[in-house]
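Right, one structure below, let's go through it.
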Amino acid sequence: MSQSLISRFLSLCLVLFIFIPKDAVAQADLPTPESYFGFKMGADRKLAHWDDLVKYYNELGIKSDRMKVVNMGETTLGNPFLALYISSPENLANLEEYRAINAMLSDPRGVSVSKIEAGILKGKAVVVQSFGLHSSEVAASQTAAEFTYDMLSRNDEEMLRILDNTISIIIPCFNPDGEIMITEWYNKYVGTEYEGASMPYLYHYYIGHDNNRDAYMQNTVESSYGAQIIFKDFIPQAYVDHHQMGAYGARLYVPPYSEPIRPDADPLVWREMAWYGAHIAYKEEEADKSGVVNAAVYSGWGHFGFHWITPFHNIAGMLTESASAQLATPLYVHPDQLEGWSRGLPKYEEQTSFPNPWKGGWWHVRDIVEQQKIAALAIVDIAARNKETVLRTAYLKAKRQSERGEVSDVKAYIIGKEQHDAGTADKLVEVLLNQGVEVRQSTREFRHEGKVYAAGSRVVTMAQPKRGVIRWLLGQTNYPDNDYTRYRDGTPIRPYDMSTDNIAEYFGVVADPVNTTVDASSFRILETLDSYSASVDKGSKGYVLDGKLNDSFTAANLLMNDKVKLKRVTESGNGLNAGDFIIPSNAKTDVLNKISQQTGVAFAALETDAISSEDMKRQRIGLFQRYLGGNMDEGWTRLLLENFEFPYSTIMDKEVLGGNLSKDFDVIVLPDDGVAAMTGKGLSGRYAAAIASMPEEYRSGFGQEGIDALKAFVEAGGTIVTFGGAG
């Protein structure tokens with residue numbers, strides 16, 4: 001090669017190097033998921049384990065300046081819970097500034113129009129997407145790895161626009177414990193006759209499939225991590241939770257929801273969901289993915305899980321639902337098996353929201369991964385292309401909801417200081433604070449609408465952006481009765497999950513709706529609940545705990561843990577009520593102080609003897625648990641017992657059938673369940689299929705022999721407590 005040609009070649013290389021995007025060099029050495037794990041995400045019979053996924057995300061975070069990996073803390077079983085913040089390096093360097101802009105647009109009260117306009121121009125659209133919440137829906141946690149890699153490695157115009165104009169927050173696995181359980185269960189049996197069988201126990205240690213129902217209460221640590229991001233730290237403009245559904249219908253559900261609607265969200269949020277959903281559906285069709293349906297299956301009135309409560313936070317809260325395989329094993333679906341079975345899709349045939357039905361055939365987890373990736377990218381793509389519109393809409397929703405609250409019939413809810421159970425009222429306020437709702441606390445006694453409220457009462461005004469959340473958590477709920485909630489013959493259609501989420505009713509707390517504005521401008525805004533230690537006052541006869549308080553039961557259990565002998569009042573009189581707990585005067589003061597601080601329950605001075613009381617004896621509790629996928633009510637009951645410090649033992653079929661239950665237990669609790677599921681008698685449908693597919697040692701059912709054993713337990717003086725259908 002001549003010298004001139006060499007010079008020209010080197011000059012060309014220099015020019016090409018100058019015009020290669022900066023990130024292209026920085027991201028070039030990122031390992032692909034396939035090279036890291038040894039298989040493509042969604043490959044038949046392959047699942048990446050959460051432990052390895054964590055290592056992968058941490059390596060990407062080290063090597064890429066487009067992503068910040070945040071470990072939110074430990075899960076229920078001690079695994080890391082990650083949040084991935086993805087944007088341009090410049091945006092990530094100024095993340096706190098964009099968070100402040102986002103917070104201003106989400107609550108613009110008292111902010112000038114000029115500041116709002118500047119924030120819309122400068123801000124970035126925030127999109128949160130979560131994966132792997134329901135662990136048996138195995139594709140999503142695999143999709144997250146490939147989607148994350150694509151966002152970090154691609155340097156085309158579309159991706160650079162997304163990175164510049166959006167901040168993506170990815171929860172790559174909302175239930176890491178369950179991902180580990182399912183992956184290890186599946187891998188144990190892959191290649192055997194039990195390959196693809198359902199895991200026999202709950203895949204969230206306490207609440208199984210109900211973990212997305214926990215968005216409004218946040219009973220579990222995983223829910224609190226997600227809520228911290230979505231409801232408080234970064235109120236996103238869009239939120240999507242990626243799921244799977246039944247195998248024999250549409251291949252993919254995308255927004256919007258079908259009827260009926262749950263009212264009182266800003267109308268713009270429903271338009272946004274249709275807008276985002278249409279873009280997802282368009283991109284799926286563009287990629288030649290058939291079987292996509294909009295506005296079907298999932299109604300606009302559902303439980304207050306993450307994707308259904310977010311519209312009332314002024315967030316376009318959505319989900320995708322892909323048809324399932326058999327865990328990671330492909331499934332053959334014959335065309336005759338395809339059916340329309342639900343809201344908005346009465347028959348499996350072409351309609352305006354379902355123009356391209358899937359024809360049937362083999363269905364692989366890889367198919368799910370591909371369509372979820374398209375959906376996830378479509379959300380951030382449309383947000384990036386319309387960044388200013390998205391941010392302006394966030395402002396408008398917040399502003400208009402506050403304005404609606406000012407003129408609504410109910411102007412505020414007042415949670416008076418004087419409640420029958422002040423500690424439980426505090427827990428209700430904590431739920432509101434965890435939703436990011438503004439709560440003000442009075443510093444003095446005040447009168448409103450003829451009622452006197454003590455200092456320390458709380459006021460929740462409706463004139464705030466989260467008006468919709470407040471309306472449904474504190475306001476009276478009446479489920480609609482209309483053409484959308486009845487079949488053609490007039491038979492009511494069962495609500496999707498729950499018809500009400502009124503926590504004031506659940507907690508037994510009085511939250512007074514008032515029709516005139518409360519002047520709470522001088523009241524302080526609560527950031528967190530005040531911490532305090534309740535009083536411990538010794539009387540000549542000892543101490544007494546108020547038996548009407550929920551947390552008195554916690555205190556009583558803690559006292560018995562410390563071998564303190566308690567009595568229970570059985571007849572009201574002498575200033576005591578039936579159900580109160582009596583603590584002897586020789587109880588150690590340091591123990592009482594510690595328990596009082598832990599529970600917030602006061603130990604009052606006892607100066608008189610009870611008319612009638614009896615010694616308390618700790619009951620030996622057996623809580624029945626079965627296999628067959630586990631029973632969520634059993635998990636919730638476990639959580640309840642542990643929260644109130646009740647000791648218990650888990651009993652399963654073998655303990656029930658072991659004979660002489662009264663030797664080990666005083667009380668047996670049967671959580672809400674079907675009798676067939678407990679006994680194994682008369683099982684049909686999916687339960688019968690699940691039983692047949694499981695290894696022998698996981699086939700539940702205590703049969704007639706177990707029924708006889710429980711009967712003998714009662715006849716011997718034992719107590720059986722049944723919840724719901726278990727009765």
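As shown in the structure tokens, the chain order sets the letters A, B, ...; within each chain, residues go from 1, and ligands are also counted from 1 in the order they appear.
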| query | Contacts of Val69 in chain A at 9 Å or less, counting only C-alpha atoms, minus same-chain residues fewer than 4 places along, as JSON, numbers by chain? | reply | {"A": [57, 58, 60, 61, 62, 82, 83, 84, 85, 86]}
| message | Please list as a PyMOL selection string every residue within 8 Å of Val429 in chain A, counting only C-alpha atoms and excluding residues in the same chain fewer than 3 positions away. | response | chain A and resi 425-426+432-433+439+529
| said: Give me, as a list in words, the residues of range 549-636 of chain A that a backbone DSSP run labels strand (DSSP E). | reply: Lys567, Arg568, Val569, Thr570, Glu571, Phe581, Ile582, Ile583, Ala604, Ala605, Leu606, Ser612, Ser613, Glu614, Asp615, Ile621, Gly622, Leu623 and Phe624 of chain A
All heavy atoms of the current selection, written as a short mmCIF file (atom, residue, chain, number, x, y, z; two decimals), in the first residue's frame:
```
data_model
loop_
_atom_site.label_atom_id
_atom_site.label_comp_id
_atom_site.auth_asym_id
_atom_site.auth_seq_id
_atom_site.Cartn_x
_atom_site.Cartn_y
_atom_site.Cartn_z
N LYS A 567 -53.36 -12.72 84.05
CA LYS A 567 -54.75 -13.08 84.23
C LYS A 567 -55.59 -12.33 83.20
O LYS A 567 -55.18 -11.26 82.72
CB LYS A 567 -55.23 -12.73 85.65
CG LYS A 567 -54.65 -13.60 86.76
CD LYS A 567 -55.18 -13.16 88.11
CE LYS A 567 -54.64 -14.05 89.24
NZ LYS A 567 -55.22 -15.41 89.19
N ARG A 568 -56.77 -12.86 82.92
CA ARG A 568 -57.70 -12.21 82.00
C ARG A 568 -58.99 -11.92 82.74
O ARG A 568 -59.55 -12.82 83.39
CB ARG A 568 -57.97 -13.13 80.79
CG ARG A 568 -58.63 -12.42 79.59
CD ARG A 568 -57.57 -11.86 78.68
NE ARG A 568 -58.14 -10.98 77.66
CZ ARG A 568 -58.54 -11.39 76.45
NH1 ARG A 568 -58.44 -12.67 76.12
NH2 ARG A 568 -59.01 -10.52 75.59
N VAL A 569 -59.47 -10.69 82.66
CA VAL A 569 -60.72 -10.31 83.31
C VAL A 569 -61.88 -10.97 82.58
O VAL A 569 -61.97 -10.91 81.35
CB VAL A 569 -60.88 -8.78 83.31
CG1 VAL A 569 -62.23 -8.38 83.92
CG2 VAL A 569 -59.74 -8.12 84.07
N THR A 570 -62.77 -11.62 83.34
CA THR A 570 -63.91 -12.32 82.73
C THR A 570 -65.25 -11.63 82.99
O THR A 570 -66.25 -12.00 82.38
CB THR A 570 -63.98 -13.77 83.25
OG1 THR A 570 -64.03 -13.76 84.68
CG2 THR A 570 -62.77 -14.56 82.79
N GLU A 571 -65.28 -10.64 83.89
CA GLU A 571 -66.52 -9.92 84.18
C GLU A 571 -66.20 -8.45 84.40
O GLU A 571 -65.31 -8.12 85.20
CB GLU A 571 -67.22 -10.51 85.40
CG GLU A 571 -68.56 -9.85 85.71
CD GLU A 571 -69.25 -10.48 86.92
OE1 GLU A 571 -68.84 -11.58 87.34
OE2 GLU A 571 -70.19 -9.86 87.46
N PHE A 581 -56.20 -7.45 80.39
CA PHE A 581 -55.11 -8.32 80.86
C PHE A 581 -54.54 -7.75 82.16
O PHE A 581 -54.21 -6.55 82.24
CB PHE A 581 -53.99 -8.38 79.82
CG PHE A 581 -54.42 -8.93 78.49
CD1 PHE A 581 -54.84 -8.08 77.47
CD2 PHE A 581 -54.41 -10.30 78.24
CE1 PHE A 581 -55.23 -8.57 76.24
CE2 PHE A 581 -54.80 -10.81 77.01
CZ PHE A 581 -55.21 -9.94 76.00
N ILE A 582 -54.39 -8.60 83.17
CA ILE A 582 -53.84 -8.19 84.46
C ILE A 582 -52.42 -8.72 84.59
O ILE A 582 -52.16 -9.91 84.37
CB ILE A 582 -54.71 -8.70 85.62
CG1 ILE A 582 -56.08 -8.01 85.58
CG2 ILE A 582 -54.03 -8.45 86.96
CD1 ILE A 582 -57.06 -8.57 86.60
N ILE A 583 -51.50 -7.81 84.95
CA ILE A 583 -50.08 -8.16 85.12
C ILE A 583 -49.74 -8.00 86.59
O ILE A 583 -50.07 -6.97 87.21
CB ILE A 583 -49.17 -7.25 84.26
CG1 ILE A 583 -49.49 -7.44 82.77
CG2 ILE A 583 -47.71 -7.53 84.50
CD1 ILE A 583 -50.46 -6.44 82.22
N ALA A 604 -51.39 0.44 82.59
CA ALA A 604 -52.06 1.32 83.55
C ALA A 604 -51.98 0.74 84.96
O ALA A 604 -51.89 -0.48 85.15
CB ALA A 604 -53.52 1.53 83.15
N ALA A 605 -52.04 1.64 85.94
CA ALA A 605 -51.98 1.22 87.33
C ALA A 605 -53.26 0.48 87.72
O ALA A 605 -54.36 0.94 87.42
CB ALA A 605 -51.77 2.43 88.23
N LEU A 606 -53.12 -0.66 88.37
CA LEU A 606 -54.26 -1.45 88.84
C LEU A 606 -54.35 -1.30 90.35
O LEU A 606 -53.44 -1.69 91.08
CB LEU A 606 -54.07 -2.92 88.45
CG LEU A 606 -55.18 -3.89 88.88
CD1 LEU A 606 -56.50 -3.53 88.20
CD2 LEU A 606 -54.80 -5.32 88.56
N SER A 612 -64.00 -10.84 88.58
CA SER A 612 -63.77 -12.22 88.17
C SER A 612 -62.65 -12.24 87.14
O SER A 612 -62.63 -11.41 86.23
CB SER A 612 -65.05 -12.83 87.59
OG SER A 612 -64.81 -14.13 87.09
N SER A 613 -61.74 -13.17 87.30
CA SER A 613 -60.65 -13.31 86.33
C SER A 613 -60.18 -14.76 86.33
O SER A 613 -60.54 -15.54 87.22
CB SER A 613 -59.49 -12.38 86.68
OG SER A 613 -58.89 -12.76 87.92
N GLU A 614 -59.38 -15.09 85.33
CA GLU A 614 -58.83 -16.45 85.28
C GLU A 614 -57.39 -16.38 84.79
O GLU A 614 -56.99 -15.46 84.07
CB GLU A 614 -59.66 -17.34 84.37
CG GLU A 614 -59.75 -16.89 82.93
CD GLU A 614 -60.64 -17.79 82.08
OE1 GLU A 614 -61.56 -18.43 82.63
OE2 GLU A 614 -60.41 -17.82 80.86
N ASP A 615 -56.61 -17.36 85.24
CA ASP A 615 -55.22 -17.42 84.81
C ASP A 615 -55.16 -17.68 83.30
O ASP A 615 -55.95 -18.46 82.76
CB ASP A 615 -54.49 -18.55 85.53
CG ASP A 615 -54.30 -18.27 87.01
OD1 ASP A 615 -54.31 -17.08 87.39
OD2 ASP A 615 -54.19 -19.24 87.79
N ILE A 621 -51.00 -23.90 69.38
CA ILE A 621 -51.72 -23.68 68.12
C ILE A 621 -51.08 -24.49 67.01
O ILE A 621 -49.86 -24.43 66.80
CB ILE A 621 -51.71 -22.19 67.74
CG1 ILE A 621 -52.37 -21.35 68.84
CG2 ILE A 621 -52.41 -21.96 66.40
CD1 ILE A 621 -52.20 -19.84 68.63
N GLY A 622 -51.91 -25.22 66.29
CA GLY A 622 -51.47 -25.89 65.07
C GLY A 622 -52.13 -25.24 63.87
O GLY A 622 -53.36 -25.14 63.83
N LEU A 623 -51.35 -24.79 62.92
CA LEU A 623 -51.88 -24.13 61.72
C LEU A 623 -51.72 -25.08 60.55
O LEU A 623 -50.60 -25.45 60.18
CB LEU A 623 -51.13 -22.82 61.47
CG LEU A 623 -51.51 -22.04 60.21
CD1 LEU A 623 -52.98 -21.61 60.24
CD2 LEU A 623 -50.61 -20.80 60.06
N PHE A 624 -52.84 -25.45 59.95
CA PHE A 624 -52.80 -26.45 58.88
C PHE A 624 -52.28 -25.84 57.57
O PHE A 624 -52.71 -24.76 57.15
CB PHE A 624 -54.18 -27.05 58.63
CG PHE A 624 -54.20 -28.03 57.49
CD1 PHE A 624 -53.55 -29.25 57.60
CD2 PHE A 624 -54.82 -27.73 56.29
CE1 PHE A 624 -53.54 -30.17 56.56
CE2 PHE A 624 -54.82 -28.63 55.23
CZ PHE A 624 -54.17 -29.85 55.37
#
```
Within 12 Å of range 306-323 of chain A, which residues of range 383-501 of chain A come that close, and what is the closest atom pair and distance in Å for each? Count only C-alpha atoms and give it as CSV.
```
residue,atom,partner,partner_atom,distance
A:Ala383,CA,A:Ala316,CA,11.4
A:Val390,CA,A:Ala316,CA,10.3
A:Leu391,CA,A:Ile315,CA,11.2
A:Thr393,CA,A:Asn314,CA,9.3
A:Ala394,CA,A:Asn314,CA,7.0
A:Tyr395,CA,A:Asn314,CA,9.3
A:Leu396,CA,A:Asn314,CA,9.5
A:Lys397,CA,A:Asn314,CA,6.1
A:Ala398,CA,A:Asn314,CA,6.7
A:Lys399,CA,A:Asn314,CA,10.2
A:Arg400,CA,A:Asn314,CA,10.3
A:Gln401,CA,A:Asn314,CA,8.6
A:Ser402,CA,A:Asn314,CA,11.2
A:Gln435,CA,A:His313,CA,8.6
A:Gly436,CA,A:His313,CA,9.0
A:Val437,CA,A:His313,CA,9.4
A:Gln464,CA,A:His313,CA,10.6
A:Pro465,CA,A:His313,CA,7.4
A:Lys466,CA,A:His313,CA,5.4
A:Arg467,CA,A:Phe312,CA,7.5
A:Gly468,CA,A:Phe312,CA,4.7
A:Val469,CA,A:Phe312,CA,5.2
A:Ile470,CA,A:Phe312,CA,8.8
A:Arg471,CA,A:Phe312,CA,9.2
A:Trp472,CA,A:Phe312,CA,8.9
A:Leu473,CA,A:Ile309,CA,10.3
A:Tyr496,CA,A:Trp308,CA,11.4
A:Asp497,CA,A:Trp308,CA,11.3
A:Met498,CA,A:Trp308,CA,11.5
A:Asp501,CA,A:Ile309,CA,10.2
```
| message | With only C-alpha atoms as the counted atoms, please give the residues lying no more than 10 Å from Glu179 in chain A, apart from itself and same-chain residues fewer than 2 positions off, as a list in words. | response | Leu47, Ala48, His49, Trp50, Asp51, Gly132, Leu133, His134, Ser135, Ser136, Glu137, Val138, Ser141, Cys173, Phe174, Asn175, Pro176, Asp177, Met181, Ile182, Thr183, Glu184, Trp185, Tyr203 and His204 of chain A
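Nearest-residue note for Glu527 in chain A: choosing from A:Asn294, A:Arg440, A:Val254, A:Asn550, the minimum distance belongs to A:Arg440, counting only C-alpha atoms.
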| field | Non-local contacts of range 664-673 of chain A (6 Å; only C-alpha atoms; under 3 positions in same chain excluded) as a PyMOL selection string | value | chain A and resi 619-624+633-634+661+718-726
Store the residues picked out above in a file with N, CA and C atoms, as a JSON list (two decimals), in the first residue's frame.
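This is the output file result_20.json:
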```json
[["chain", "number", "residue", "atom", "x", "y", "z"],
["A", 619, "GLN", "N", -52.12, -21.20, 74.57],
["A", 619, "GLN", "CA", -52.67, -22.29, 73.77],
["A", 619, "GLN", "C", -51.62, -22.81, 72.79],
["A", 620, "ARG", "N", -51.60, -24.10, 72.60],
["A", 620, "ARG", "CA", -50.70, -24.73, 71.63],
["A", 620, "ARG", "C", -51.44, -24.75, 70.29],
["A", 621, "ILE", "N", -51.00, -23.90, 69.38],
["A", 621, "ILE", "CA", -51.72, -23.68, 68.12],
["A", 621, "ILE", "C", -51.08, -24.49, 67.01],
["A", 622, "GLY", "N", -51.91, -25.22, 66.29],
["A", 622, "GLY", "CA", -51.47, -25.89, 65.07],
["A", 622, "GLY", "C", -52.13, -25.24, 63.87],
["A", 623, "LEU", "N", -51.35, -24.79, 62.92],
["A", 623, "LEU", "CA", -51.88, -24.13, 61.72],
["A", 623, "LEU", "C", -51.72, -25.08, 60.55],
["A", 624, "PHE", "N", -52.84, -25.45, 59.95],
["A", 624, "PHE", "CA", -52.80, -26.45, 58.88],
["A", 624, "PHE", "C", -52.28, -25.84, 57.57],
["A", 633, "ASP", "N", -54.27, -18.05, 52.07],
["A", 633, "ASP", "CA", -54.83, -17.65, 53.36],
["A", 633, "ASP", "C", -54.04, -18.25, 54.51],
["A", 634, "GLU", "N", -53.47, -19.42, 54.30],
["A", 634, "GLU", "CA", -52.58, -19.99, 55.33],
["A", 634, "GLU", "C", -51.36, -19.10, 55.52],
["A", 661, "LEU", "N", -54.11, -35.91, 68.10],
["A", 661, "LEU", "CA", -53.77, -34.50, 67.93],
["A", 661, "LEU", "C", -53.82, -33.73, 69.24],
["A", 718, "GLY", "N", -60.43, -30.48, 72.17],
["A", 718, "GLY", "CA", -59.70, -29.50, 71.37],
["A", 718, "GLY", "C", -60.64, -28.52, 70.67],
["A", 719, "THR", "N", -60.07, -27.44, 70.19],
["A", 719, "THR", "CA", -60.83, -26.40, 69.49],
["A", 719, "THR", "C", -60.34, -26.30, 68.06],
["A", 720, "ILE", "N", -61.27, -26.30, 67.11],
["A", 720, "ILE", "CA", -60.92, -26.06, 65.71],
["A", 720, "ILE", "C", -61.47, -24.69, 65.32],
["A", 721, "VAL", "N", -60.61, -23.84, 64.77],
["A", 721, "VAL", "CA", -61.00, -22.54, 64.24],
["A", 721, "VAL", "C", -60.95, -22.64, 62.73],
["A", 722, "THR", "N", -62.06, -22.34, 62.06],
["A", 722, "THR", "CA", -62.09, -22.39, 60.59],
["A", 722, "THR", "C", -62.34, -21.00, 60.04],
["A", 723, "PHE", "N", -61.66, -20.68, 58.95],
["A", 723, "PHE", "CA", -61.87, -19.42, 58.24],
["A", 723, "PHE", "C", -62.58, -19.73, 56.92],
["A", 724, "GLY", "N", -63.56, -18.93, 56.57],
["A", 724, "GLY", "CA", -64.18, -18.98, 55.26],
["A", 724, "GLY", "C", -64.64, -20.37, 54.87],
["A", 725, "GLY", "N", -64.24, -20.78, 53.66],
["A", 725, "GLY", "CA", -64.70, -22.03, 53.09],
["A", 725, "GLY", "C", -64.27, -23.26, 53.86],
["A", 726, "ALA", "N", -63.26, -23.15, 54.71],
["A", 726, "ALA", "CA", -62.80, -24.31, 55.47],
["A", 726, "ALA", "C", -63.86, -24.79, 56.45]]
```
| said: Write out as a VMD selection string the set of residues from range 432-636 of chain A that DSSP, computed on the backbone, places in helix (DSSP H, G or I). | reply: chain A and resid 432 to 434 467 to 474 503 to 507 550 to 561 589 to 599 632 to 636
| query | Skipping near chain neighbours, those fewer than 6 positions away, what residues fall within 12 Å of Lys188 in chain A using only C-alpha atoms, listed as a VMD selection string? | reply | chain A and resid 45 to 47 181 to 182 194 to 197 199 695
Quick one: contact table of range 330-428 of chain A to range 257-281 of chain A, 7 Å max, nearest atom pair and distance in Å to one decimal per residue, counting only C-alpha atoms, chain and number order, as JSON lines?
```
{"residue": "A:Arg343", "atom": "CA", "partner": "A:Ser258", "partner_atom": "CA", "distance": 6.7}
{"residue": "A:Gly344", "atom": "CA", "partner": "A:Ser258", "partner_atom": "CA", "distance": 6.3}
{"residue": "A:Ala375", "atom": "CA", "partner": "A:Ile280", "partner_atom": "CA", "distance": 5.2}
{"residue": "A:Ala378", "atom": "CA", "partner": "A:Ile280", "partner_atom": "CA", "distance": 5.3}
{"residue": "A:Ile379", "atom": "CA", "partner": "A:Tyr276", "partner_atom": "CA", "distance": 6.3}
{"residue": "A:Lys397", "atom": "CA", "partner": "A:Asp266", "partner_atom": "CA", "distance": 5.9}
{"residue": "A:Gln401", "atom": "CA", "partner": "A:Asp266", "partner_atom": "CA", "distance": 6.5}
```
| field | Contacts of range 493-495 of chain A within 9 Å, only C-alpha atoms, excl. fewer than 3 positions in-chain, as a ChimeraX atom specification | value | /A:299,301-302,479,484-487,490,498-499
| What is the distance, in Å and to one decimal place, between CA of Ser522 in chain A and CA of Gly119 in chain A? |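 The value is 29.0 Å.
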